[in-house]
Amino acid sequence: MRTLLVTCALFLLLLEEIRPWGFKDGVLRNSIWLEQAAGVYHRESRKGRYQLTFKDAKAVCKFEGGKLATIAQLEAAQKIGLHVCSAGWFDKGRVGYPIVKPGPHCGYGKVGVIDYGFRLNKSERWDTYCYNPAAKECGGIFTDQGRVIRSPGFPEPYEHEQICYWHIRVRYGQRIRLSFLSFDLEEDPGCLADYLEIYDSYDDIGGFTGRFCGTELPEDFTSTGNVMTLKFLSDSSVTASGFRLQYTAFYPLDYS
Ligand SMILES: *[C@@H]1O[C@H](CO)[C@@H](O)[C@H](O)[C@H]1NC(C)=O
Ligand SMILES: [Ca+2]
């Protein structure tokens, strides 16, 4: 993973243009909204956004041991912070998404479950909202000053078909240092099977920093701002013991 250094350098150049997350115009801009609440979570197809028919959506939720969320379950989850800017199928062929924070680009400025109603055409393609209160804990939102993060079940082998996100948000002005303690994911040249990705960002859209697999311990990484996202994905065959890493928040001595 020597390309990491190059990616990193390039990214640092790009990042100079971007303000770190924090207060801007008196508004706290680094909020992270829940992606899983009260047993409800959002899924998109492995092929990407808006690829699931109603039948596919049911199959995805069932595959993970749950079922499509009802509107009542989605509303309950929204009340405690589930915020997803993607429309998905829920129970009985309804489509919508939960919005906590009003914004012009998502939910037409409204808050609550944005409801597209019962779809007549069940071949339309959307994401899905599943309900599974027994879902394995995987990922999370961390605001502590430091913590050890482990792949699910570590040191036992992780399961197939998992996607976990860890969002780290520390105090404004702080940075985050990641140190890998142990690393063992299915090895393949492009890391297309199982991988851990690091994003120097609050989500996995911007700030891609590196993708890792195999047994080589990735180098330590330091964020440029006070947020970071880790994404772990496993495919449907071959597992390994996974990873263990530590993050630590610190105040940089030099702000330049
Ligand atoms: C239903 O939606 C699918 C996907 O958008 C589309 O290809 C199909 O033509 C639609 N069927 C009808 C009857 O509108
Ligand atoms: Ca695998």
# chains A, B, ... in the order shown; residues from 1 in each chain; ligands from 1
>>> residues_around(residues="region 64-70 of chain A", least_positions_apart="5", cutoff="7 Å", atoms="only C-alpha atoms", output="VMD selection string")
chain A and resid 40 58 90 to 91 129 to 132
>>> write_last_selection(atoms="N, CA and C atoms", output="mmCIF file, in the first residue's frame")
data_model
loop_
_atom_site.group_PDB
_atom_site.id
_atom_site.type_symbol
_atom_site.label_atom_id
_atom_site.label_comp_id
_atom_site.auth_asym_id
_atom_site.auth_seq_id
_atom_site.Cartn_x
_atom_site.Cartn_y
_atom_site.Cartn_z
ATOM 1 N N VAL A 40 -33.491 0.251 13.209
ATOM 2 C CA VAL A 40 -33.723 0.570 11.791
ATOM 3 C C VAL A 40 -32.417 1.025 11.147
ATOM 4 N N LYS A 58 -36.738 -6.433 -0.034
ATOM 5 C CA LYS A 58 -37.180 -7.425 0.960
ATOM 6 C C LYS A 58 -36.106 -8.479 1.175
ATOM 7 N N PHE A 90 -39.724 0.800 2.290
ATOM 8 C CA PHE A 90 -40.027 0.193 3.566
ATOM 9 C C PHE A 90 -41.298 -0.637 3.433
ATOM 10 N N ASP A 91 -41.863 -1.022 4.555
ATOM 11 C CA ASP A 91 -42.931 -2.009 4.568
ATOM 12 C C ASP A 91 -44.074 -1.671 3.593
ATOM 13 N N TYR A 129 -34.887 0.352 3.732
ATOM 14 C CA TYR A 129 -34.799 0.522 5.183
ATOM 15 C C TYR A 129 -35.224 -0.773 5.861
ATOM 16 N N CYS A 130 -34.285 -1.367 6.587
ATOM 17 C CA CYS A 130 -34.563 -2.631 7.253
ATOM 18 C C CYS A 130 -34.763 -2.409 8.747
ATOM 19 N N TYR A 131 -35.445 -3.363 9.364
ATOM 20 C CA TYR A 131 -35.615 -3.361 10.819
ATOM 21 C C TYR A 131 -35.100 -4.684 11.353
ATOM 22 N N ASN A 132 -34.148 -4.598 12.246
ATOM 23 C CA ASN A 132 -33.619 -5.805 12.873
ATOM 24 C C ASN A 132 -33.011 -5.442 14.221
#
>>> select_by_dssp(residues="region 46-226 of chain A", states="alpha helix (DSSP H)", output="VMD selection string")
chain A and resid 54 to 63 71 to 79
>>> write_last_selection(atoms="all heavy atoms", output="CSV table (one decimal), in the first residue's frame")
chain,number,residue,atom,x,y,z
A,54,PHE,N,-38.5,-3.6,-5.2
A,54,PHE,CA,-39.2,-3.9,-3.9
A,54,PHE,C,-38.8,-5.3,-3.5
A,54,PHE,O,-38.5,-5.6,-2.3
A,54,PHE,CB,-40.7,-3.7,-4.0
A,54,PHE,CG,-41.5,-4.0,-2.8
A,54,PHE,CD1,-41.1,-3.3,-1.6
A,54,PHE,CD2,-42.6,-4.8,-2.8
A,54,PHE,CE1,-41.8,-3.6,-0.4
A,54,PHE,CE2,-43.3,-5.1,-1.6
A,54,PHE,CZ,-42.9,-4.4,-0.4
A,55,LYS,N,-38.8,-6.2,-4.5
A,55,LYS,CA,-38.5,-7.6,-4.2
A,55,LYS,C,-37.0,-7.7,-3.7
A,55,LYS,O,-36.7,-8.4,-2.7
A,55,LYS,CB,-38.7,-8.4,-5.5
A,55,LYS,CG,-38.6,-9.9,-5.3
A,55,LYS,CD,-39.1,-10.6,-6.5
A,55,LYS,CE,-38.7,-12.0,-6.5
A,55,LYS,NZ,-37.9,-12.4,-7.7
A,56,ASP,N,-36.1,-7.0,-4.3
A,56,ASP,CA,-34.7,-7.0,-3.9
A,56,ASP,C,-34.6,-6.5,-2.5
A,56,ASP,O,-33.9,-7.0,-1.6
A,56,ASP,CB,-33.8,-6.1,-4.8
A,56,ASP,CG,-33.8,-6.5,-6.2
A,56,ASP,OD1,-34.0,-7.7,-6.5
A,56,ASP,OD2,-33.6,-5.7,-7.1
A,57,ALA,N,-35.3,-5.4,-2.2
A,57,ALA,CA,-35.2,-4.7,-0.9
A,57,ALA,C,-35.6,-5.7,0.2
A,57,ALA,O,-35.0,-5.8,1.2
A,57,ALA,CB,-36.1,-3.5,-0.9
A,58,LYS,N,-36.7,-6.4,0.0
A,58,LYS,CA,-37.2,-7.4,1.0
A,58,LYS,C,-36.1,-8.5,1.2
A,58,LYS,O,-35.8,-8.9,2.3
A,58,LYS,CB,-38.5,-8.1,0.5
A,58,LYS,CG,-39.7,-7.3,0.8
A,58,LYS,CD,-41.0,-8.1,0.7
A,58,LYS,CE,-41.4,-8.3,-0.8
A,58,LYS,NZ,-42.7,-8.7,-1.0
A,59,ALA,N,-35.5,-8.9,0.1
A,59,ALA,CA,-34.5,-10.0,0.1
A,59,ALA,C,-33.2,-9.5,0.9
A,59,ALA,O,-32.7,-10.2,1.7
A,59,ALA,CB,-34.1,-10.4,-1.3
A,60,VAL,N,-32.8,-8.2,0.7
A,60,VAL,CA,-31.7,-7.7,1.4
A,60,VAL,C,-31.9,-7.7,2.9
A,60,VAL,O,-31.1,-8.1,3.7
A,60,VAL,CB,-31.4,-6.2,0.9
A,60,VAL,CG1,-30.4,-5.5,1.9
A,60,VAL,CG2,-30.8,-6.3,-0.5
A,61,CYS,N,-33.1,-7.2,3.3
A,61,CYS,CA,-33.4,-7.2,4.8
A,61,CYS,C,-33.5,-8.6,5.4
A,61,CYS,O,-33.0,-8.8,6.5
A,61,CYS,CB,-34.7,-6.4,5.0
A,61,CYS,SG,-34.6,-4.7,4.6
A,62,LYS,N,-34.1,-9.5,4.6
A,62,LYS,CA,-34.2,-10.9,5.1
A,62,LYS,C,-32.9,-11.5,5.2
A,62,LYS,O,-32.6,-12.3,6.2
A,62,LYS,CB,-35.1,-11.6,4.1
A,62,LYS,CG,-35.6,-12.9,4.7
A,62,LYS,CD,-36.7,-13.5,3.8
A,62,LYS,CE,-37.0,-15.0,4.3
A,62,LYS,NZ,-37.2,-15.9,3.2
A,63,PHE,N,-32.0,-11.3,4.2
A,63,PHE,CA,-30.7,-11.9,4.2
A,63,PHE,C,-29.9,-11.5,5.5
A,63,PHE,O,-29.1,-12.3,6.0
A,63,PHE,CB,-29.9,-11.4,3.0
A,63,PHE,CG,-28.5,-11.9,2.9
A,63,PHE,CD1,-28.3,-13.1,2.4
A,63,PHE,CD2,-27.4,-11.1,3.3
A,63,PHE,CE1,-27.0,-13.6,2.3
A,63,PHE,CE2,-26.2,-11.6,3.2
A,63,PHE,CZ,-25.9,-12.8,2.7
A,71,ILE,N,-43.5,2.1,8.8
A,71,ILE,CA,-43.4,3.5,8.9
A,71,ILE,C,-43.3,3.9,10.4
A,71,ILE,O,-42.5,4.8,10.7
A,71,ILE,CB,-44.5,4.3,8.1
A,71,ILE,CG1,-44.3,5.8,8.2
A,71,ILE,CG2,-45.9,3.9,8.7
A,71,ILE,CD1,-44.6,6.5,7.0
A,72,ALA,N,-43.9,3.2,11.2
A,72,ALA,CA,-43.9,3.5,12.7
A,72,ALA,C,-42.5,3.3,13.2
A,72,ALA,O,-41.9,4.1,14.0
A,72,ALA,CB,-44.9,2.6,13.4
A,73,GLN,N,-41.8,2.3,12.7
A,73,GLN,CA,-40.4,2.0,13.2
A,73,GLN,C,-39.5,3.1,12.6
A,73,GLN,O,-38.6,3.5,13.3
A,73,GLN,CB,-40.0,0.6,12.7
A,73,GLN,CG,-40.6,-0.5,13.5
A,73,GLN,CD,-40.6,-1.9,12.7
A,73,GLN,OE1,-40.2,-1.9,11.6
A,73,GLN,NE2,-40.9,-2.9,13.5
A,74,LEU,N,-39.7,3.5,11.4
A,74,LEU,CA,-38.9,4.5,10.8
A,74,LEU,C,-39.1,5.9,11.5
A,74,LEU,O,-38.1,6.6,11.8
A,74,LEU,CB,-39.3,4.6,9.3
A,74,LEU,CG,-38.2,5.2,8.4
A,74,LEU,CD1,-36.9,4.3,8.4
A,74,LEU,CD2,-38.7,5.3,6.9
A,75,GLU,N,-40.3,6.1,11.9
A,75,GLU,CA,-40.6,7.4,12.6
A,75,GLU,C,-40.0,7.4,14.0
A,75,GLU,O,-39.4,8.4,14.4
A,75,GLU,CB,-42.1,7.6,12.7
A,75,GLU,CG,-42.7,8.1,11.4
A,75,GLU,CD,-44.3,8.1,11.4
A,75,GLU,OE1,-44.9,7.4,12.3
A,75,GLU,OE2,-44.8,8.7,10.5
A,76,ALA,N,-40.0,6.2,14.6
A,76,ALA,CA,-39.4,6.1,16.0
A,76,ALA,C,-37.9,6.3,15.8
A,76,ALA,O,-37.3,7.0,16.7
A,76,ALA,CB,-39.7,4.7,16.6
A,77,ALA,N,-37.3,5.8,14.8
A,77,ALA,CA,-35.8,5.9,14.6
A,77,ALA,C,-35.5,7.4,14.3
A,77,ALA,O,-34.5,7.9,14.8
A,77,ALA,CB,-35.4,5.0,13.5
A,78,GLN,N,-36.3,8.0,13.5
A,78,GLN,CA,-36.1,9.4,13.1
A,78,GLN,C,-36.1,10.3,14.3
A,78,GLN,O,-35.3,11.2,14.5
A,78,GLN,CB,-37.1,9.8,12.1
A,78,GLN,CG,-37.0,11.2,11.5
A,78,GLN,CD,-37.6,12.3,12.4
A,78,GLN,OE1,-38.5,12.0,13.2
A,78,GLN,NE2,-37.1,13.5,12.3
A,79,LYS,N,-37.0,10.0,15.2
A,79,LYS,CA,-37.1,10.8,16.5
A,79,LYS,C,-35.9,10.8,17.3
A,79,LYS,O,-35.6,11.7,18.0
A,79,LYS,CB,-38.3,10.3,17.3
A,79,LYS,CG,-39.6,10.8,16.7
A,79,LYS,CD,-40.8,10.7,17.8
A,79,LYS,CE,-42.1,11.2,17.2
A,79,LYS,NZ,-42.6,10.3,16.2
>>> residues_near_ligand(ligand="ligand 1", cutoff="6 Å", atoms="only C-alpha atoms and all ligand atoms", output="list of chain:residue names")
A:Asn121, A:Ser123, A:Glu124
>>> residues_near_ligand(ligand="ligand 2", cutoff="8 Å", atoms="only C-alpha atoms and all ligand atoms", output="list in words")
His160, Glu161, Leu185, Glu186, Ala193, Asp194, Ser234, Asp235, Ser236, Ser237, Val238, Thr239 and Ala240 of chain A
>>> write_last_selection(atoms="N, CA and C atoms", output="PDB file, in the first residue's frame")
ATOM      1  N   HIS A 160     -19.017 -12.921   6.977  1.00  0.00           N
ATOM      2  CA  HIS A 160     -19.161 -12.496   5.587  1.00  0.00           C
ATOM      3  C   HIS A 160     -20.182 -11.382   5.486  1.00  0.00           C
ATOM      4  N   GLU A 161     -20.117 -10.660   4.381  1.00  0.00           N
ATOM      5  CA  GLU A 161     -21.167  -9.699   4.012  1.00  0.00           C
ATOM      6  C   GLU A 161     -21.442  -8.675   5.107  1.00  0.00           C
ATOM      7  N   LEU A 185      -6.790  -9.130   7.053  1.00  0.00           N
ATOM      8  CA  LEU A 185      -7.999  -9.243   6.239  1.00  0.00           C
ATOM      9  C   LEU A 185      -7.674 -10.114   5.032  1.00  0.00           C
ATOM     10  N   GLU A 186      -8.710 -10.708   4.442  1.00  0.00           N
ATOM     11  CA  GLU A 186      -8.491 -11.511   3.241  1.00  0.00           C
ATOM     12  C   GLU A 186      -7.604 -10.729   2.269  1.00  0.00           C
ATOM     13  N   ALA A 193     -12.062  -7.686  -2.204  1.00  0.00           N
ATOM     14  CA  ALA A 193     -12.880  -8.644  -1.453  1.00  0.00           C
ATOM     15  C   ALA A 193     -13.257  -8.065  -0.093  1.00  0.00           C
ATOM     16  N   ASP A 194     -12.318  -8.049   0.816  1.00  0.00           N
ATOM     17  CA  ASP A 194     -12.545  -7.471   2.146  1.00  0.00           C
ATOM     18  C   ASP A 194     -11.587  -6.291   2.280  1.00  0.00           C
ATOM     19  N   SER A 234     -16.781  -6.758   4.145  1.00  0.00           N
ATOM     20  CA  SER A 234     -16.346  -8.125   3.842  1.00  0.00           C
ATOM     21  C   SER A 234     -17.288  -8.711   2.789  1.00  0.00           C
ATOM     22  N   ASP A 235     -16.746  -9.551   1.927  1.00  0.00           N
ATOM     23  CA  ASP A 235     -17.568 -10.158   0.877  1.00  0.00           C
ATOM     24  C   ASP A 235     -18.096 -11.515   1.351  1.00  0.00           C
ATOM     25  N   SER A 236     -18.480 -12.389   0.396  1.00  0.00           N
ATOM     26  CA  SER A 236     -19.210 -13.590   0.809  1.00  0.00           C
ATOM     27  C   SER A 236     -18.345 -14.841   0.970  1.00  0.00           C
ATOM     28  N   SER A 237     -17.007 -14.720   0.859  1.00  0.00           N
ATOM     29  CA  SER A 237     -16.175 -15.902   1.110  1.00  0.00           C
ATOM     30  C   SER A 237     -14.841 -15.508   1.720  1.00  0.00           C
ATOM     31  N   VAL A 238     -14.228 -16.405   2.426  1.00  0.00           N
ATOM     32  CA  VAL A 238     -12.905 -16.242   3.062  1.00  0.00           C
ATOM     33  C   VAL A 238     -12.921 -15.132   4.118  1.00  0.00           C
ATOM     34  N   THR A 239     -12.660 -15.499   5.354  1.00  0.00           N
ATOM     35  CA  THR A 239     -12.539 -14.449   6.367  1.00  0.00           C
ATOM     36  C   THR A 239     -11.141 -14.530   6.986  1.00  0.00           C
ATOM     37  N   ALA A 240     -10.908 -13.696   7.959  1.00  0.00           N
ATOM     38  CA  ALA A 240      -9.623 -13.657   8.654  1.00  0.00           C
ATOM     39  C   ALA A 240      -9.911 -13.051  10.024  1.00  0.00           C
TER      40      ALA A 240
END
>>> closest_residue(among="A:Phe118, A:Tyr158, A:Tyr247, A:Tyr41", to="Val170 (chain A)", atoms="only C-alpha atoms")
A:Tyr247
>>> select_by_dssp(residues="region 139-236 of chain A", states="strand (DSSP E or B)", output="MDAnalysis selection string")
chainID A and resid 140:142 146:150 163:169 175:184 195:199 208:212 221:222 227:233
>>> write_last_selection(atoms="C-alpha atoms", output="mmCIF file, in the first residue's frame")
data_model
loop_
_atom_site.group_PDB
_atom_site.id
_atom_site.type_symbol
_atom_site.label_atom_id
_atom_site.label_comp_id
_atom_site.auth_asym_id
_atom_site.auth_seq_id
_atom_site.Cartn_x
_atom_site.Cartn_y
_atom_site.Cartn_z
ATOM 1 C CA GLY A 140 -20.577 3.411 15.719
ATOM 2 C CA ILE A 141 -20.056 7.077 16.432
ATOM 3 C CA PHE A 142 -17.228 7.886 18.819
ATOM 4 C CA GLY A 146 -9.302 7.814 22.470
ATOM 5 C CA ARG A 147 -10.487 4.288 21.987
ATOM 6 C CA VAL A 148 -9.576 0.903 20.580
ATOM 7 C CA ILE A 149 -11.653 -0.124 17.575
ATOM 8 C CA ARG A 150 -11.947 -3.781 16.619
ATOM 9 C CA ILE A 163 -20.401 -3.324 6.248
ATOM 10 C CA CYS A 164 -19.435 -1.250 9.260
ATOM 11 C CA TYR A 165 -18.836 2.459 9.591
ATOM 12 C CA TRP A 166 -17.032 4.076 12.476
ATOM 13 C CA HIS A 167 -17.319 7.828 12.665
ATOM 14 C CA ILE A 168 -14.886 9.569 14.963
ATOM 15 C CA ARG A 169 -15.524 13.147 15.987
ATOM 16 C CA ARG A 175 -6.814 15.995 15.261
ATOM 17 C CA ILE A 176 -7.023 12.220 15.327
ATOM 18 C CA ARG A 177 -4.109 9.826 15.176
ATOM 19 C CA LEU A 178 -4.780 6.220 14.121
ATOM 20 C CA SER A 179 -2.346 3.466 15.042
ATOM 21 C CA PHE A 180 -2.841 -0.071 13.886
ATOM 22 C CA LEU A 181 -2.243 -2.760 16.493
ATOM 23 C CA SER A 182 -3.188 -5.826 14.505
ATOM 24 C CA PHE A 183 -4.277 -6.368 10.923
ATOM 25 C CA ASP A 184 -5.411 -9.468 9.028
ATOM 26 C CA TYR A 195 -11.108 -4.116 3.068
ATOM 27 C CA LEU A 196 -10.790 -1.316 5.542
ATOM 28 C CA GLU A 197 -10.969 2.215 4.184
ATOM 29 C CA ILE A 198 -9.931 5.411 5.901
ATOM 30 C CA TYR A 199 -11.591 8.721 5.112
ATOM 31 C CA PHE A 208 -10.637 9.048 0.770
ATOM 32 C CA THR A 209 -7.198 8.293 2.144
ATOM 33 C CA GLY A 210 -6.518 4.615 1.660
ATOM 34 C CA ARG A 211 -7.870 1.090 1.321
ATOM 35 C CA PHE A 212 -6.187 -1.792 3.098
ATOM 36 C CA PHE A 221 -2.456 8.049 9.956
ATOM 37 C CA THR A 222 -3.235 11.532 11.265
ATOM 38 C CA VAL A 227 -13.381 13.998 12.153
ATOM 39 C CA MET A 228 -12.581 10.702 10.518
ATOM 40 C CA THR A 229 -14.505 7.746 9.089
ATOM 41 C CA LEU A 230 -13.489 4.102 8.872
ATOM 42 C CA LYS A 231 -15.366 1.707 6.643
ATOM 43 C CA PHE A 232 -15.011 -2.059 6.821
ATOM 44 C CA LEU A 233 -16.506 -4.360 4.235
#
>>> atom_distance(atom1="CA of Gly88 (chain A)", atom2="CA of Asp203 (chain A)")
19.2 Å
>>> residues_around(residues="Gly153 (chain A)", least_positions_apart="6", cutoff="9 Å", atoms="only C-alpha atoms", output="ChimeraX atom specification")
/A:159,241-242
>>> residues_around(residues="Ile99 (chain A)", least_positions_apart="2", cutoff="8 Å", atoms="only C-alpha atoms", output="PyMOL selection string")
chain A and resi 78+82-85+97+101-102+106-107+110-114
